[in-house]
Amino acid sequence: MAWLVTLPFFAYVIAFLFLPAGSVLVGAFQNNANHVTSSNVRLLFHHPYVDAYWGSLRISLVTAALGCVLGLFVAYAAIREGTPRWIRSVLTTFSGVAANFGGIPLAFAWIATLGPLGVVTTWFRNSGHDITYQWPNFQISSERGIELAYLYFQLPLMILVIAPALDGLRKEWREAAANLGAKQWQFWRYVGIPVLLPSFLGAFILLFGNAFAAYATAYSLDNGINIVPILIGDYYTGNVLNNPHIAQALAFGMFVVLAVMMVLYIPLQRRSQRWAK
Amino acid sequence: MNRLRMAPSAYVWLLLAGLYFLLPLYSTLDFSLKENKAGTPCCTLHNYGWVVHNGDFWHTIKVSFLLALETIVISLVLFVPTMYWVHLRVPKLRPVIAFLALVPFVVPPIVMVVGLLKTFKWTPQWYYGQPWGFLATAYVILAFPYMFFSLDAGFRAIDVHTLTEASQSLGARWTTTLVRVIIPNIRTAALAASFLTLAIVMGEFTIANLAAFHTFPIFLQYVNESQGFPAGALTLLSFLITWTAMASLLLVGRKRGARGAVIAGAR
Amino acid sequence: MAYLVLENLHRDFGTVKALNGINISLGEGEFLSLLGPSGCGKTTALRLVAGFDRPNQGRILVEGRDMTSVAPNKRDMGMVFQAYSLFPNMTARQNVEFGLRIRGKERAARSTRVGELLELVGLGHAGDRFPHQLSGGMQQRVALARALAIEPRVLLLDEPLSALDAKVRVQLREEIRRIQLELGITTLYVTHDQEEALAISDHVAVMYGGVIEQMGTPSEMYTAPKTPFVAEFIGTMNRLEGKVVDGAAGEVDHAGTRLRIAAARGRANGERVLILIRPEDLELTAAGNGSTVNGNTLMAEVVTQTFLGPVTRLKMTGGLIADMSTARASALPVGASVVASVPTEGVQLLTLAADESIPDVGEGT
């Protein structure tokens, strides 16, 4: 009966996590007359809901991919031999903070940088080239803008997650490979990249989920960008939707996407641990 | 050791990263020191004065801070004894809880708030309408994964069995053992988790917005929408708060060499 | 003709001189061990030969060719690291095959060679296992096979057995030597275990503080150490401080007792010396047995007995250590008074400088 002590914990988690999650699931398949129906969920495959999902998926994939690749190079630059140790400390510390600097403050910071009156925008304008009207016709509240902003917390997340994996690349492997005649790129091709791959893919999934679920930054950048969290939020902030079940269906859809991601993530985690020995 | 020279490509990447990260911070600072749109030259502290004299600022900061404290307290009271018990008596439950800690990844705030608002619509106003009720209980769930990873590491680093048995053989009751023996030894992990929770709560926007509460991030957004340049000062202050919380976390963590990637907060 | 030559190698790290003028010359097929405590520079020297580091001064020559500035992946040397060097994402077979793959050998040829090598190291059956599925000893065998696969000109081993259990260590070192002899490959072996070095090498070079204290065959190193450090580092040694009192007759005074020692002949009177006697050369008999044959004796009392299997080591007052068969040692229990008889021949003397005292290299092996 020892597990009884843990009852308050499980009760809490059930009450405040599973119950709400369950009610989303249930509500997604009901209509206003409380009948069971899949009509709301089927609506998700039509405009504008399906566009919102595509928007979310695009942004998530782009920021996850960019975050992963760029984050890997930055982390590697800081960790590799030859770089002073303090650079790695600074980068890790800053990443810890930057990964939390999301949402509202981040949105403002980017508006202040590349918004219509932003520091960089003004600098270009004063040099004779207005980037909002001319190439690249950049708006901070566009999809590109949001991606740029999201990268600000995706990159640090990648750095924090991939650093231990990079540490796990033992110096002995590099030297053994060289000793056996391999050039730098051959080491990466045959040993480095294969060993890093599980961690890299795991990080990609983490970043994808992170971007997919993000709400505050996009909300604050505010230009009617069509992504799922914003659409859900619209219902509650009284904007467009007035059918609670659509909101629940949308949430349910998000849950499904993220659940698929989680199913892919767990075996990858296990694989990357195995080679960390 | 042998001091190699830094690879040139490393220089490039780190420089680019530095530029990317620092530019928005600089721009925020720049905005915060301008008085209005008409391209006023630098620099004035007018915006900072505005913030400091703004009643709403102090009110919402207080609300968010107290909310954070409440979340931390509830979390610790709920999770510490549970983790202790699991490590001591029911280790088989640990993977279960570890799995549960991954659920918030699949049920992020935006999804959770939809469920919460629906499930607890019938609860009394003192819960549903108050941040101390509705928001706090939600925030405990938000903090749960980070609490788990931190406390779990803390408990694994000490020998729970030996400490407990030693304490009991000296005549202590359970509560005494927990409070006087166990908790001081996981203090670092608990503190780290607490600072992280602080950062999370002080920055959480999604749930607060959709459930219509007036917390600090909500105030921040309001200022973003309605004012302009004062928002810069406010943003920097908000960043400072996050930074302080994280710095405290790192300081605390360094003492016992605790590490761990920590990513949370509004996004 | 010297196959591998290390010529006047120097390596500094800031103000620390890790290597201070190393000269080594190996013939083809020869097995040389670099032996010494941590920090003596042996691994530094090996890494210079492998190409993972550049010397500040000096050259490395293989078959007469200067290799000093050649990149490590072009030196055609096989290296076995201390641990963790197998590529975790590849099976044993794929690991061994790696060097051949890089060199563009065809699949069939690679396969045959890999098969041969795995058989050579006794792992023909485990080729498809991953490193994390292999024991430490097996991993090092794979590492050896991998290094040999490319038919290197020189084989380098960096303390390959240090991370393994004692029994595995003994087993594996014999195999390494057997394989080395069979293939006739020039080998440079780094270790801090003197027993290991003595057991399998053609020559041993004892290093300390970045220099070679002495180089010679294992037997030479054991019976005729040339410096106090070498004397203590190799095997266990009785080290007694003494002073030459009669250089003509060959007599040395130690703690008031006059001992006749052949090696003292020709030395100057008053010279301070270190008397080196191997534990197995010290004959013990119980006091009061009338055993003083040549008068070359020291009196002592047994302090401890350490059972080492067939041999028991007795430690006595005055810093004396003697090894004798366990059967005979039972007659000399702790506390017994004994007479230690010092042989006249076969005892080394080393000159101690005026201010020098017995170096302490830690508990002997």
# chains A, B, ... in the order shown; residues from 1 in each chain; ligands from 1

call {"tool": "residues_around", "arguments": {"residues": "Met246 (chain B)", "least_positions_apart": "6", "cutoff": "7 Å", "atoms": "only C-alpha atoms", "output": "PyMOL selection string"}}
result
(chain A and resi 97) or (chain B and resi 195-196)

call {"tool": "select_by_dssp", "arguments": {"residues": "region 125-195 of chain C", "states": "helix (DSSP H, G or I)", "output": "VMD selection string"}}
result
chain C and resid 125 to 126 131 to 133 136 to 149 166 to 183 194 to 195

call {"tool": "interface_residues", "arguments": {"of": "chain C", "to": "chain B", "cutoff": "12 Å", "atoms": "only C-alpha atoms", "output": "list in words"}}
result
Arg11, Asp12, Phe13, Gly14, Thr15, Val16, Lys17, Ala18, Thr44, Phe52, Asp53, Arg54, Pro55 and Asn56 of chain C

call {"tool": "interface_residues", "arguments": {"of": "chain A", "to": "chain B", "cutoff": "6 Å", "atoms": "only C-alpha atoms", "output": "VMD selection string"}}
result
chain A and resid 6 20 to 21 23 to 24 74 77 82 to 83 97 99 to 100 102 to 103 105 109 to 110 112 to 113 119 160 214 to 217 236 251 255 258 to 259

call {"tool": "write_last_selection", "arguments": {"atoms": "C-alpha atoms", "output": "CSV table (one decimal), in the first residue's frame"}}
result
chain,number,residue,atom,x,y,z
A,6,THR,CA,1.6,9.4,-3.9
A,20,PRO,CA,-9.0,18.9,-19.1
A,21,ALA,CA,-7.2,17.1,-21.8
A,23,SER,CA,-12.6,17.2,-22.0
A,24,VAL,CA,-10.9,18.6,-25.1
A,74,VAL,CA,27.0,27.6,-33.3
A,77,ALA,CA,31.9,26.5,-32.8
A,82,GLY,CA,40.7,25.8,-30.0
A,83,THR,CA,37.8,27.9,-28.8
A,97,VAL,CA,18.2,33.0,-20.4
A,99,ALA,CA,15.2,30.3,-24.2
A,100,ASN,CA,13.0,31.9,-21.6
A,102,GLY,CA,9.9,34.4,-25.4
A,103,GLY,CA,6.4,35.7,-25.8
A,105,PRO,CA,8.9,40.8,-24.6
A,109,ALA,CA,12.2,43.4,-29.2
A,110,TRP,CA,11.8,42.3,-32.8
A,112,ALA,CA,11.9,47.4,-32.2
A,113,THR,CA,14.5,45.9,-34.5
A,119,VAL,CA,16.3,50.3,-35.5
A,160,LEU,CA,21.3,23.6,-24.8
A,214,ALA,CA,3.9,28.8,-29.3
A,215,TYR,CA,1.2,31.4,-28.9
A,216,ALA,CA,2.3,34.6,-27.2
A,217,THR,CA,5.0,35.7,-29.6
A,236,TYR,CA,-11.6,33.1,-26.2
A,251,ALA,CA,-6.9,21.9,-29.7
A,255,PHE,CA,-2.8,17.3,-29.5
A,258,LEU,CA,2.2,16.6,-30.9
A,259,ALA,CA,1.3,13.0,-29.9

call {"tool": "residues_around", "arguments": {"residues": "Asp167 (chain A)", "least_positions_apart": "3", "cutoff": "9 Å", "atoms": "only C-alpha atoms", "output": "JSON, numbers by chain"}}
result
{"A": [79, 80, 162, 163, 164, 170]}

call {"tool": "interface_residues", "arguments": {"of": "chain A", "to": "chain C", "cutoff": "7 Å", "atoms": "only C-alpha atoms", "output": "list in words"}}
result
Glu172, Trp173, Ala176, Ala178, Asn179, Leu180, Gly181, Ala182, Lys183, Val191, Pro194, Val195 and Trp275 of chain A

call {"tool": "write_last_selection", "arguments": {"atoms": "C-alpha atoms", "output": "PDB file, in the first residue's frame"}}
result
ATOM      1  CA  GLU A 172      39.582   9.385 -29.254  1.00  0.00           C
ATOM      2  CA  TRP A 173      37.207   8.774 -32.162  1.00  0.00           C
ATOM      3  CA  ALA A 176      41.507   7.081 -34.227  1.00  0.00           C
ATOM      4  CA  ALA A 178      42.762  10.301 -38.431  1.00  0.00           C
ATOM      5  CA  ASN A 179      45.203   7.616 -37.454  1.00  0.00           C
ATOM      6  CA  LEU A 180      43.448   5.185 -39.756  1.00  0.00           C
ATOM      7  CA  GLY A 181      43.788   7.615 -42.630  1.00  0.00           C
ATOM      8  CA  ALA A 182      40.481   9.475 -42.619  1.00  0.00           C
ATOM      9  CA  LYS A 183      40.237  13.143 -43.538  1.00  0.00           C
ATOM     10  CA  VAL A 191      31.366   8.525 -37.368  1.00  0.00           C
ATOM     11  CA  PRO A 194      25.841   8.979 -37.477  1.00  0.00           C
ATOM     12  CA  VAL A 195      26.561   9.249 -33.784  1.00  0.00           C
ATOM     13  CA  TRP A 275      25.835   5.545 -27.723  1.00  0.00           C
TER      14      TRP A 275
END

call {"tool": "residues_around", "arguments": {"residues": "region 220-234 of chain C", "least_positions_apart": "5", "cutoff": "12 Å", "atoms": "only C-alpha atoms", "output": "ChimeraX atom specification"}}
result
/C:35-37,192-199,201-209,212-215,239-241,263,273-278,280-281,345-353,356-365

call {"tool": "residues_around", "arguments": {"residues": "Gly250 (chain C)", "least_positions_apart": "5", "cutoff": "6 Å", "atoms": "only C-alpha atoms", "output": "list of chain:residue names"}}
result
C:Arg260, C:Ile261, C:Ala262, C:Ala264, C:Arg265

call {"tool": "residues_around", "arguments": {"residues": "Ile59 (chain A)", "least_positions_apart": "2", "cutoff": "9 Å", "atoms": "only C-alpha atoms", "output": "short mmCIF file (atom, residue, chain, number, x, y, z; two decimals) with C-alpha atoms, in the first residue's frame"}}
result
data_model
loop_
_atom_site.label_atom_id
_atom_site.label_comp_id
_atom_site.auth_asym_id
_atom_site.auth_seq_id
_atom_site.Cartn_x
_atom_site.Cartn_y
_atom_site.Cartn_z
CA TRP A 54 -0.48 24.38 -42.70
CA GLY A 55 0.73 27.70 -41.39
CA SER A 56 1.62 26.19 -38.04
CA LEU A 57 3.33 23.24 -39.69
CA LEU A 61 9.23 22.92 -39.64
CA VAL A 62 11.20 25.94 -40.83
CA THR A 63 12.17 27.16 -37.37
CA ALA A 64 12.93 23.64 -36.19
CA GLU A 143 5.33 34.50 -41.64
CA ARG A 144 9.02 35.22 -42.32
CA ILE A 146 7.54 35.24 -37.08
CA GLU A 147 10.07 32.63 -38.09
CA TYR A 150 10.85 32.24 -33.14
CA PHE A 208 9.11 21.44 -33.69
CA ALA A 211 7.24 26.19 -32.18
CA PHE A 212 3.99 24.42 -32.87
CA ILE A 227 -1.74 29.54 -37.10
#
